[in-house]
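K.L.:
If it helps, the file is called work-v7.cif and holds mmCIF, C-alpha atoms:
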```
data_work
loop_
_atom_site.label_atom_id
_atom_site.label_comp_id
_atom_site.auth_asym_id
_atom_site.auth_seq_id
_atom_site.Cartn_x
_atom_site.Cartn_y
_atom_site.Cartn_z
CA MET A 1 6.32 18.99 18.07
CA ALA A 2 8.22 16.57 15.85
CA PRO A 3 10.23 17.99 12.90
CA PRO A 4 8.42 17.30 9.59
CA ARG A 5 11.31 15.14 8.37
CA TRP A 6 10.99 12.68 11.26
CA ARG A 7 7.36 13.20 12.28
CA GLY A 8 6.16 9.86 10.90
CA SER A 9 8.85 7.81 12.61
CA LEU A 10 8.48 9.56 15.96
CA THR A 11 4.68 9.30 15.96
CA ALA A 12 4.99 5.62 15.03
CA GLY A 13 6.82 5.23 18.33
CA TYR A 14 3.44 5.28 20.07
CA GLN A 15 2.38 2.05 18.37
CA PHE A 16 5.91 0.62 18.78
CA PHE A 17 5.87 0.90 22.55
CA LEU A 18 2.27 -0.29 22.66
CA ALA A 19 3.40 -3.42 20.82
CA LEU A 20 6.39 -3.75 23.16
CA GLY A 21 4.03 -3.74 26.13
CA VAL A 22 1.86 -6.41 24.49
CA LEU A 23 4.94 -8.59 23.87
CA ILE A 24 6.09 -8.23 27.48
CA ALA A 25 2.58 -9.09 28.70
CA ASN A 26 2.52 -12.22 26.51
CA LEU A 27 5.94 -13.28 27.83
CA VAL A 28 4.72 -12.84 31.41
CA ASN A 29 1.59 -14.87 30.64
CA TYR A 30 3.67 -17.66 29.11
CA ALA A 31 6.21 -17.71 31.95
CA THR A 32 3.58 -17.87 34.70
CA ALA A 33 1.03 -20.12 32.97
CA HIS A 34 2.18 -23.21 34.91
CA ALA A 35 1.58 -21.60 38.33
CA SER A 36 -1.80 -21.37 39.99
CA TRP A 37 -1.00 -17.80 41.01
CA GLY A 38 0.19 -16.79 37.54
CA TRP A 39 -2.94 -14.82 36.73
CA ARG A 40 -2.26 -12.58 39.75
CA VAL A 41 1.12 -11.63 38.32
CA SER A 42 -0.34 -10.94 34.87
CA LEU A 43 -3.04 -8.72 36.35
CA GLY A 44 -0.95 -7.07 39.04
CA LEU A 45 1.89 -5.95 36.76
CA ALA A 46 -0.53 -3.53 35.10
CA GLY A 47 0.03 -1.41 38.20
CA ALA A 48 3.71 -1.01 37.31
CA SER A 49 2.74 0.41 33.94
CA ALA A 50 0.36 2.86 35.59
CA VAL A 51 3.17 4.13 37.85
CA ALA A 52 5.46 4.59 34.85
CA ILE A 53 2.77 6.59 33.01
CA PHE A 54 2.21 8.83 36.02
CA VAL A 55 5.91 9.52 36.60
CA GLY A 56 6.56 10.07 32.89
CA ALA A 57 3.73 12.60 32.66
CA LEU A 58 5.49 14.76 35.23
CA PHE A 59 8.34 15.36 32.75
CA LEU A 60 6.24 16.16 29.67
CA THR A 61 6.48 19.68 28.26
CA ASP A 62 3.50 21.55 26.83
CA THR A 63 3.34 21.93 23.06
CA PRO A 64 4.17 25.32 21.52
CA SER A 65 0.59 25.64 20.21
CA SER A 66 -0.82 25.10 23.70
CA LEU A 67 1.56 27.65 25.21
CA VAL A 68 0.73 30.27 22.57
CA MET A 69 -3.00 29.72 23.11
CA ARG A 70 -2.46 30.54 26.80
CA GLY A 71 -0.47 33.70 25.99
CA ARG A 72 2.94 32.27 26.89
CA ALA A 73 4.92 33.13 23.75
CA ASP A 74 8.29 32.96 25.52
CA GLY A 75 7.44 29.51 26.84
CA ALA A 76 6.46 28.41 23.34
CA ARG A 77 9.78 29.67 21.97
CA ALA A 78 11.65 27.78 24.69
CA ALA A 79 9.67 24.60 23.93
CA LEU A 80 10.53 24.88 20.23
CA LEU A 81 14.21 25.43 21.00
CA ARG A 82 14.16 22.40 23.27
CA VAL A 83 13.00 20.08 20.47
CA ARG A 84 14.63 21.82 17.46
CA GLY A 85 18.00 22.50 19.10
CA PRO A 86 19.42 25.56 20.91
CA ASP A 87 20.88 27.03 17.69
CA ALA A 88 17.76 26.55 15.55
CA ASP A 89 15.89 29.52 14.06
CA VAL A 90 12.36 28.97 15.32
CA GLU A 91 10.91 32.45 14.77
CA ALA A 92 9.23 31.62 11.43
CA GLU A 93 7.64 28.49 12.89
CA LEU A 94 6.54 30.40 15.97
CA ARG A 95 4.90 33.08 13.79
CA ASP A 96 2.99 30.40 11.85
CA ILE A 97 1.77 28.88 15.11
CA ALA A 98 0.72 32.30 16.42
CA LYS A 99 -1.23 33.02 13.20
CA ALA A 100 -2.99 29.67 13.40
CA VAL A 101 -3.90 30.21 17.06
CA GLU A 102 -5.17 33.72 16.34
CA ALA A 103 -7.37 32.41 13.53
CA ALA A 104 -8.71 29.70 15.84
CA ARG A 105 -9.66 32.30 18.44
CA ARG A 106 -11.84 34.16 15.94
CA GLY A 107 -14.26 31.26 15.82
CA GLU A 108 -17.11 31.68 18.28
CA ASP A 109 -18.37 28.09 18.02
CA GLY A 110 -16.64 25.15 19.63
CA ALA A 111 -14.14 22.89 17.89
CA PHE A 112 -16.52 19.92 17.65
CA ARG A 113 -19.35 22.02 16.20
CA ARG A 114 -16.93 23.75 13.85
CA MET A 115 -15.67 20.44 12.50
CA ALA A 116 -19.18 18.97 12.21
CA THR A 117 -20.91 21.92 10.54
CA ARG A 118 -18.37 23.79 8.44
CA ARG A 119 -17.93 22.62 4.87
CA GLU A 120 -14.18 23.29 4.78
CA TYR A 121 -13.68 20.76 7.57
CA ARG A 122 -15.53 17.96 5.80
CA PRO A 123 -12.34 16.02 4.90
CA HIS A 124 -11.13 16.21 8.49
CA LEU A 125 -14.47 14.98 9.84
CA VAL A 126 -14.58 12.04 7.43
CA LEU A 127 -11.03 10.95 8.23
CA ALA A 128 -11.53 11.50 11.97
CA VAL A 129 -14.20 8.79 11.78
CA ALA A 130 -12.83 6.57 9.01
CA VAL A 131 -9.21 6.13 10.15
CA PRO A 132 -9.91 4.79 13.69
CA MET A 133 -12.84 2.72 12.40
CA PHE A 134 -10.73 1.05 9.71
CA PHE A 135 -7.83 0.71 12.15
CA GLN A 136 -10.01 -1.47 14.36
CA LEU A 137 -11.62 -3.38 11.49
CA THR A 138 -8.29 -4.80 10.36
CA GLY A 139 -8.97 -7.44 13.02
CA VAL A 140 -5.47 -7.22 14.48
CA ILE A 141 -6.58 -5.85 17.84
CA VAL A 142 -8.97 -8.69 18.64
CA LEU A 143 -6.58 -11.21 17.13
CA ALA A 144 -3.89 -10.00 19.52
CA PHE A 145 -6.31 -10.30 22.45
CA PHE A 146 -7.59 -13.76 21.54
CA ALA A 147 -4.56 -15.24 19.77
CA PRO A 148 -4.14 -18.10 22.31
CA LEU A 149 -7.79 -19.08 21.83
CA VAL A 150 -7.51 -18.97 18.02
CA PHE A 151 -4.37 -21.11 18.09
CA ARG A 152 -6.02 -23.62 20.41
CA THR A 153 -8.97 -23.74 18.03
CA VAL A 154 -6.70 -24.88 15.19
CA GLY A 155 -5.07 -27.59 17.30
CA PHE A 156 -2.23 -26.13 19.38
CA GLY A 157 -1.94 -27.07 23.03
CA SER A 158 -2.34 -24.56 25.83
CA ARG A 159 1.38 -23.76 26.23
CA ALA A 160 1.96 -23.77 22.48
CA ALA A 161 -0.97 -21.37 22.01
CA LEU A 162 0.56 -18.95 24.52
CA MET A 163 3.90 -19.22 22.74
CA GLY A 164 2.09 -18.47 19.47
CA ALA A 165 0.83 -15.25 21.03
CA VAL A 166 4.43 -14.40 22.02
CA VAL A 167 5.59 -15.00 18.45
CA LEU A 168 2.76 -12.84 17.16
CA GLY A 169 3.77 -10.01 19.48
CA ALA A 170 7.41 -10.28 18.44
CA VAL A 171 6.47 -10.13 14.75
CA ASN A 172 4.35 -7.05 15.38
CA LEU A 173 7.21 -5.36 17.20
CA GLY A 174 9.71 -6.20 14.47
CA SER A 175 7.46 -4.87 11.72
CA LEU A 176 6.97 -1.64 13.65
CA VAL A 177 10.74 -1.21 13.85
CA LEU A 178 10.84 -1.63 10.07
CA SER A 179 8.13 1.01 9.64
CA THR A 180 10.19 3.66 11.45
CA PHE A 181 12.87 3.36 8.75
CA VAL A 182 10.54 3.58 5.75
CA ILE A 183 7.58 5.69 6.82
CA ASP A 184 9.29 9.03 6.13
CA ARG A 185 11.16 7.74 3.08
CA TYR A 186 8.43 6.22 0.94
CA GLY A 187 5.38 8.08 2.23
CA ARG A 188 2.15 7.11 3.93
CA LYS A 189 0.04 5.90 1.01
CA VAL A 190 2.63 3.41 -0.26
CA LEU A 191 2.70 1.69 3.13
CA PHE A 192 -1.09 1.74 3.38
CA MET A 193 -1.44 0.08 -0.03
CA ALA A 194 1.25 -2.57 0.45
CA GLY A 195 0.14 -3.42 3.98
CA GLY A 196 -3.50 -3.59 2.93
CA VAL A 197 -2.81 -6.06 0.12
CA GLN A 198 -0.69 -8.20 2.45
CA MET A 199 -3.42 -8.31 5.11
CA VAL A 200 -6.16 -9.19 2.61
CA VAL A 201 -4.16 -12.11 1.19
CA CYS A 202 -3.36 -13.45 4.66
CA GLN A 203 -6.92 -13.17 5.98
CA VAL A 204 -8.31 -14.93 2.91
CA ALA A 205 -5.68 -17.68 3.31
CA ILE A 206 -6.57 -18.17 6.99
CA ALA A 207 -10.29 -18.32 6.16
CA TRP A 208 -9.67 -20.85 3.36
CA ILE A 209 -7.48 -23.14 5.50
CA MET A 210 -9.85 -23.09 8.45
CA GLY A 211 -12.90 -23.59 6.24
CA ALA A 212 -11.31 -26.48 4.35
CA LYS A 213 -9.71 -28.27 7.30
CA ILE A 214 -12.01 -27.56 10.25
CA GLY A 215 -15.23 -27.43 8.27
CA LYS A 216 -18.34 -25.33 8.52
CA GLY A 217 -19.22 -26.84 11.86
CA GLY A 218 -15.76 -26.12 13.24
CA GLU A 219 -15.54 -29.54 14.86
CA ALA A 220 -13.04 -31.34 12.62
CA ALA A 221 -9.45 -31.69 13.80
CA MET A 222 -6.82 -29.77 11.86
CA ALA A 223 -3.58 -31.49 10.86
CA HIS A 224 -0.47 -29.98 12.43
CA PRO A 225 1.03 -28.65 9.16
CA TYR A 226 -2.14 -26.67 8.46
CA ALA A 227 -2.18 -25.34 12.01
CA VAL A 228 1.39 -24.12 11.48
CA ALA A 229 0.25 -22.52 8.21
CA VAL A 230 -2.47 -20.63 10.11
CA LEU A 231 0.19 -19.39 12.54
CA VAL A 232 2.43 -18.28 9.67
CA PHE A 233 -0.34 -16.41 7.86
CA THR A 234 -1.44 -14.83 11.14
CA CYS A 235 2.11 -13.59 11.67
CA LEU A 236 2.29 -12.26 8.11
CA HIS A 237 -1.03 -10.51 8.61
CA THR A 238 0.24 -8.95 11.82
CA ALA A 239 3.45 -7.88 10.06
CA GLY A 240 1.42 -6.21 7.31
CA PHE A 241 -0.50 -4.30 9.95
CA GLY A 242 2.63 -3.50 11.95
CA TRP A 243 4.41 -1.62 9.18
CA SER A 244 1.32 0.05 7.70
CA TRP A 245 -1.94 0.61 9.59
CA GLY A 246 -0.34 0.08 13.00
CA PRO A 247 1.80 3.23 13.04
CA LEU A 248 -0.11 5.16 10.37
CA GLY A 249 -3.35 4.89 12.34
CA TRP A 250 -1.69 7.29 14.78
CA VAL A 251 0.46 9.28 12.34
CA ILE A 252 -2.30 10.43 9.99
CA PRO A 253 -4.65 11.84 12.67
CA SER A 254 -1.70 13.65 14.27
CA GLU A 255 -0.95 15.40 10.96
CA ILE A 256 -4.19 16.38 9.24
CA PHE A 257 -6.06 18.54 11.77
CA PRO A 258 -5.68 22.34 11.82
CA VAL A 259 -4.84 23.81 15.19
CA ASP A 260 -8.37 25.15 15.81
CA ILE A 261 -9.91 21.65 15.63
CA ARG A 262 -6.85 19.55 16.47
CA SER A 263 -7.92 18.73 20.02
CA ALA A 264 -11.44 17.78 18.88
CA GLY A 265 -10.14 15.70 15.97
CA GLN A 266 -7.66 13.79 18.11
CA ALA A 267 -10.31 13.25 20.79
CA MET A 268 -12.67 11.79 18.18
CA ASN A 269 -9.92 9.56 16.80
CA VAL A 270 -9.02 8.06 20.18
CA SER A 271 -12.61 7.83 21.45
CA ILE A 272 -13.90 6.04 18.36
CA GLY A 273 -10.94 3.66 18.45
CA LEU A 274 -11.45 2.75 22.10
CA CYS A 275 -15.22 2.34 21.70
CA LEU A 276 -14.71 -0.03 18.76
CA THR A 277 -12.07 -1.94 20.73
CA PHE A 278 -14.68 -2.51 23.42
CA VAL A 279 -17.35 -3.56 20.92
CA GLN A 280 -15.03 -5.96 19.12
CA THR A 281 -13.64 -7.61 22.23
CA GLN A 282 -17.20 -8.23 23.39
CA SER A 283 -18.36 -9.62 20.05
CA PHE A 284 -15.34 -11.46 18.60
CA LEU A 285 -15.87 -14.73 20.46
CA ALA A 286 -19.53 -14.82 19.45
CA MET A 287 -18.54 -14.13 15.84
CA LEU A 288 -15.90 -16.86 15.89
CA CYS A 289 -18.36 -19.40 17.32
CA ARG A 290 -21.14 -18.37 14.96
CA PHE A 291 -19.34 -17.74 11.68
CA LYS A 292 -16.20 -19.87 12.20
CA TYR A 293 -13.74 -19.31 9.34
CA ALA A 294 -15.99 -16.66 7.76
CA THR A 295 -14.93 -14.31 10.57
CA PHE A 296 -11.57 -13.90 8.87
CA ALA A 297 -13.22 -13.38 5.47
CA TYR A 298 -15.27 -10.61 7.13
CA TYR A 299 -12.11 -8.81 8.23
CA ALA A 300 -10.50 -9.39 4.82
CA ALA A 301 -13.44 -7.63 3.17
CA TRP A 302 -13.05 -4.64 5.46
CA VAL A 303 -9.31 -4.41 4.75
CA ALA A 304 -10.08 -4.40 1.02
CA VAL A 305 -12.61 -1.58 1.50
CA MET A 306 -10.24 0.50 3.61
CA THR A 307 -7.37 0.04 1.14
CA VAL A 308 -9.53 1.38 -1.69
CA PHE A 309 -10.70 4.24 0.53
CA ILE A 310 -7.12 5.25 1.35
CA ALA A 311 -6.13 5.08 -2.33
CA LEU A 312 -8.95 7.42 -3.31
CA PHE A 313 -9.41 9.83 -0.43
CA LEU A 314 -6.19 10.21 1.58
CA PRO A 315 -3.69 12.79 0.27
CA GLU A 316 0.02 12.23 0.88
CA THR A 317 1.27 14.07 3.97
CA LYS A 318 4.93 13.05 4.01
CA GLY A 319 7.32 15.89 4.82
CA ILE A 320 4.66 18.65 4.86
CA PRO A 321 4.84 21.03 7.86
CA LEU A 322 1.69 20.99 9.97
CA GLU A 323 1.21 24.73 9.40
CA SER A 324 1.07 24.08 5.61
CA MET A 325 -1.08 20.95 5.71
CA GLY A 326 -4.13 22.81 4.39
CA THR A 327 -2.64 22.88 0.88
CA ILE A 328 -3.03 19.12 0.43
CA TRP A 329 -6.84 19.37 0.49
CA VAL A 330 -6.91 22.10 -2.15
CA LYS A 331 -4.95 19.88 -4.56
CA HIS A 332 -6.90 16.68 -3.90
CA TRP A 333 -9.24 15.54 -6.69
CA TYR A 334 -12.24 15.14 -4.36
CA TRP A 335 -11.71 17.28 -1.28
CA LYS A 336 -10.97 20.43 -3.30
CA ARG A 337 -14.71 20.83 -3.84
CA PHE A 338 -15.05 21.50 -0.10
CA VAL A 339 -11.87 23.59 0.23
CA HIS A 340 -11.66 26.49 -2.20
CA ASP A 341 -8.88 28.87 -3.20
CA GLY A 342 -6.47 27.53 -0.60
CA LYS A 343 -8.29 29.43 2.11
CA GLN A 344 -8.77 26.40 4.29
CA SER A 345 -5.40 25.80 5.79
CA ASN A 346 -4.07 25.39 9.26
CA VAL A 347 -4.59 29.14 9.45
CA ALA A 348 -8.37 28.65 9.37
CA LEU A 349 -10.33 31.69 8.26
CA THR A 350 -13.85 32.28 9.52
#
```
Here is a file; write its structure as structure tokens.
P.N.:
Amino acid sequence: MAPPRWRGSLTAGYQFFLALGVLIANLVNYATAHASWGWRVSLGLAGASAVAIFVGALFLTDTPSSLVMRGRADGARAALLRVRGPDADVEAELRDIAKAVEAARRGEDGAFRRMATRREYRPHLVLAVAVPMFFQLTGVIVLAFFAPLVFRTVGFGSRAALMGAVVLGAVNLGSLVLSTFVIDRYGRKVLFMAGGVQMVVCQVAIAWIMGAKIGKGGEAAMAHPYAVAVLVFTCLHTAGFGWSWGPLGWVIPSEIFPVDIRSAGQAMNVSIGLCLTFVQTQSFLAMLCRFKYATFAYYAAWVAVMTVFIALFLPETKGIPLESMGTIWVKHWYWKRFVHDGKQSNVALT
């Protein structure tokens, strides 16, 4: 529903408010850490967020595509006017949506089967799996969860470790604010590349410091200056994620899927991301205890792989209307072999 000019910034808002919630949670944890009942506050305040989600959902409008698919063209026009402005000419956009919906209805197979079996949807299938997988393998998610433990491992006290998690959350939030100003100006791939390089350098630095100062056994004490260096590089790593993969992990999937497979593609993106979050949160502590500093080298290697993947296989989507997104695959050096003659577009032909 976002205008193409501001679509990146508005979609990045999802990750921004997610980071804001993490920061608030860390502040609550820090403020109540001294009290025996503090954990009850940290756990119980999740209920307030659930109430806010429920109440907010009552005010959400349906998307124009959804309304057209249900035969409510007038409602779709009203929804477009609501987000484009009462004086905007939305008829051309509404016609494009109607054409895309009509093409989607011609397909007899379901959206998941269509995306999995049809050659013209090969780029969408690959990115539906790769983007959420790489998003999780940056290591930022588990680092945010276990930041107090990591900081205690390198020598910070309990309260200082919690404050380190607060600082980490604040850095993430600040970098996300920065991303909203540059994401629609410089494009997606530039941010992916710059953020990827920044994260690789920081992860390698963390692995080197921990390996050199804690040792392979992980039992040596780390001098305070090196512990501060670990905190600084962790913050820089989080900042690199916050203005690149953090918002773009949501922006790219919201842009690339044609209307006939959009629901399936987004469902795959979110499901794979949440499943990997579960796997990583269950395995990170074991990895840290087993591999010590090499855990961070492991994530650095994945960031290097994903940066190369993005450079080679992700076309630039900045400023392209969703109804015209199919043209980017036809022009891409690799994906054009699956998408011929411009026929695969958001108006998918069967």
K.L.:
Any idea what the distance is between atom CA of A:Ile53 and atom CA of A:Val131?
P.N.:
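Separating atom CA of A:Ile53 from atom CA of A:Val131 is a distance of 25.8 Å.
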K.L.:
I'd like to know which of A:Gly326, A:Gly174, A:Gly139, A:Gly56 is closest to A:Ala297, using only C-alpha atoms.
P.N.:
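Result for the nearest residue to A:Ala297: A:Gly139.
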K.L.:
Written as number ranges by chain, which residues does the PyMOL selection byres ((chain A and resi 273) around 9) give for the file shown?
P.N.:
A: 131-133, 135-136, 268-272, 274-278
K.L.:
Save out the residues we just selected, C-alpha atoms, as a PDB file, in the coordinates of the input.
P.N.:
```pdb
ATOM      1  CA  VAL A 131      -9.210   6.130  10.150  1.00  0.00           C
ATOM      2  CA  PRO A 132      -9.910   4.790  13.690  1.00  0.00           C
ATOM      3  CA  MET A 133     -12.840   2.720  12.400  1.00  0.00           C
ATOM      4  CA  PHE A 135      -7.830   0.710  12.150  1.00  0.00           C
ATOM      5  CA  GLN A 136     -10.010  -1.470  14.360  1.00  0.00           C
ATOM      6  CA  MET A 268     -12.670  11.790  18.180  1.00  0.00           C
ATOM      7  CA  ASN A 269      -9.920   9.560  16.800  1.00  0.00           C
ATOM      8  CA  VAL A 270      -9.020   8.060  20.180  1.00  0.00           C
ATOM      9  CA  SER A 271     -12.610   7.830  21.450  1.00  0.00           C
ATOM     10  CA  ILE A 272     -13.900   6.040  18.360  1.00  0.00           C
ATOM     11  CA  LEU A 274     -11.450   2.750  22.100  1.00  0.00           C
ATOM     12  CA  CYS A 275     -15.220   2.340  21.700  1.00  0.00           C
ATOM     13  CA  LEU A 276     -14.710  -0.030  18.760  1.00  0.00           C
ATOM     14  CA  THR A 277     -12.070  -1.940  20.730  1.00  0.00           C
ATOM     15  CA  PHE A 278     -14.680  -2.510  23.420  1.00  0.00           C
TER      16      PHE A 278
END
```
K.L.:
Excluding stretch 180-190 of chain A and its own-chain neighbours fewer than 2 positions away, which residues fall within 10 Å of it when counting only C-alpha atoms? Please give them as a PyMOL selection string.
P.N.:
chain A and resi 4-13+16+175-178+192-196+243-245+247-248+251-252+307+310-311+314-319
K.L.:
Report the distance between atom CA of A:Asn172 and atom CA of A:Pro321 in Å, rounded to one decimal place.
P.N.:
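These two atoms are separated by 29.1 Å.
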K.L.:
Please provide the set of residues having any atom within 9 Å of A:Val83, restricted to only C-alpha atoms, with same-chain residues fewer than 5 positions apart removed, written as an NGL selection string.
P.N.:
:A and (1-3 or 78)
K.L.:
Report, in Å with one decimal, the straight-line distance from atom CA of A:Val140 to atom CA of A:Phe241.
P.N.:
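Distance reported for this atom pair: 7.3 Å.
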K.L.:
If the PyMOL selection byres ((chain A and resi 30) around 12) were run on this exact file, what residues would it hold? Put them as a ChimeraX atom specification.
P.N.:
/A:23-29,31-35,38-39,41-42,148,158-167
K.L.:
Where does the PyMOL selection byres ((chain A and resi 68-74) around 9) land in this file, that is, which residues does it pick, as a ChimeraX atom specification?
P.N.:
/A:63-67,75-79,94,97-98,101-102,105
K.L.:
Could the residues in this selection be saved with C-alpha atoms as a PDB file, in the coordinates of the input?
P.N.:
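Listed below is the output, part-v4.pdb:
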```pdb
ATOM      1  CA  THR A  63       3.340  21.930  23.060  1.00  0.00           C
ATOM      2  CA  PRO A  64       4.170  25.320  21.520  1.00  0.00           C
ATOM      3  CA  SER A  65       0.590  25.640  20.210  1.00  0.00           C
ATOM      4  CA  SER A  66      -0.820  25.100  23.700  1.00  0.00           C
ATOM      5  CA  LEU A  67       1.560  27.650  25.210  1.00  0.00           C
ATOM      6  CA  GLY A  75       7.440  29.510  26.840  1.00  0.00           C
ATOM      7  CA  ALA A  76       6.460  28.410  23.340  1.00  0.00           C
ATOM      8  CA  ARG A  77       9.780  29.670  21.970  1.00  0.00           C
ATOM      9  CA  ALA A  78      11.650  27.780  24.690  1.00  0.00           C
ATOM     10  CA  ALA A  79       9.670  24.600  23.930  1.00  0.00           C
ATOM     11  CA  LEU A  94       6.540  30.400  15.970  1.00  0.00           C
ATOM     12  CA  ILE A  97       1.770  28.880  15.110  1.00  0.00           C
ATOM     13  CA  ALA A  98       0.720  32.300  16.420  1.00  0.00           C
ATOM     14  CA  VAL A 101      -3.900  30.210  17.060  1.00  0.00           C
ATOM     15  CA  GLU A 102      -5.170  33.720  16.340  1.00  0.00           C
ATOM     16  CA  ARG A 105      -9.660  32.300  18.440  1.00  0.00           C
TER      17      ARG A 105
END
```
K.L.:
When you count only C-alpha atoms, which of these residues is closest to A:Arg337: A:Asp260, A:Glu120, A:Asp87, A:Glu93?
P.N.:
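Of the candidates, the smallest distance to A:Arg337 is held by A:Glu120.
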K.L.:
Of the residues A:Tyr14, A:Phe145, A:Phe233, A:Phe257, which is the one nearest to A:Leu127, using all atoms listed in the file?
P.N.:
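So, comparing all the options, the nearest one is A:Phe257.
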K.L.:
If we count all atoms listed in the file, what is near A:Ala301 at a cut-off of 12 Å, once residues fewer than 3 positions away on the same chain are taken out, given as a list in words?
P.N.:
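Final neighbour list, sorted by chain and number: Phe134, Leu137, Thr138, Gly139, Gly196, Val197, Met199, Val200, Val201, Cys202, Gln203, Val204, Ala207, Ala294, Thr295, Phe296, Ala297, Tyr298, Ala304, Val305, Met306, Thr307 and Val308 of chain A.
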K.L.:
Can I get the selected residues back with C-alpha atoms, as a compact mmCIF listing (two decimals), in the coordinates of the input?
P.N.:
```
# COMPACT_ATOMS: atom_id res chain seq x y z
CA PHE A 134 -10.73 1.05 9.71
CA LEU A 137 -11.62 -3.38 11.49
CA THR A 138 -8.29 -4.80 10.36
CA GLY A 139 -8.97 -7.44 13.02
CA GLY A 196 -3.50 -3.59 2.93
CA VAL A 197 -2.81 -6.06 0.12
CA MET A 199 -3.42 -8.31 5.11
CA VAL A 200 -6.16 -9.19 2.61
CA VAL A 201 -4.16 -12.11 1.19
CA CYS A 202 -3.36 -13.45 4.66
CA GLN A 203 -6.92 -13.17 5.98
CA VAL A 204 -8.31 -14.93 2.91
CA ALA A 207 -10.29 -18.32 6.16
CA ALA A 294 -15.99 -16.66 7.76
CA THR A 295 -14.93 -14.31 10.57
CA PHE A 296 -11.57 -13.90 8.87
CA ALA A 297 -13.22 -13.38 5.47
CA TYR A 298 -15.27 -10.61 7.13
CA ALA A 304 -10.08 -4.40 1.02
CA VAL A 305 -12.61 -1.58 1.50
CA MET A 306 -10.24 0.50 3.61
CA THR A 307 -7.37 0.04 1.14
CA VAL A 308 -9.53 1.38 -1.69
```
K.L.:
Within 10 Å of (-4.2, 17.6, -0.5) (coordinates as in the file), grab all the protein and nucleic acid residues, counting all atoms listed in the file, and write them out as number ranges by chain.
P.N.:
A: 123, 256, 313-317, 325-336, 339
K.L.:
Which is closest to A:Ile261 among A:Gly211, A:Pro225, A:Gly240, A:Gly110, if we use only C-alpha atoms?
P.N.:
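Checking each candidate against A:Ile261, we get A:Gly110 as the closest.
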K.L.:
When distances are computed from all atoms listed in the file, which of A:Arg40, A:Arg290, A:Arg84, A:Lys99 shows the smallest separation from A:Ser324?
P.N.:
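Closest to A:Ser324 of all the choices is A:Lys99.
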K.L.:
Find the residue from A:His124, A:Arg118, A:Arg152, A:Arg95 that sits nearest to A:Glu255; use all atoms listed in the file when measuring.
P.N.:
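Checking each of A:His124, A:Arg118, A:Arg152, A:Arg95 against A:Glu255, counting all atoms listed in the file, the winner is A:His124.
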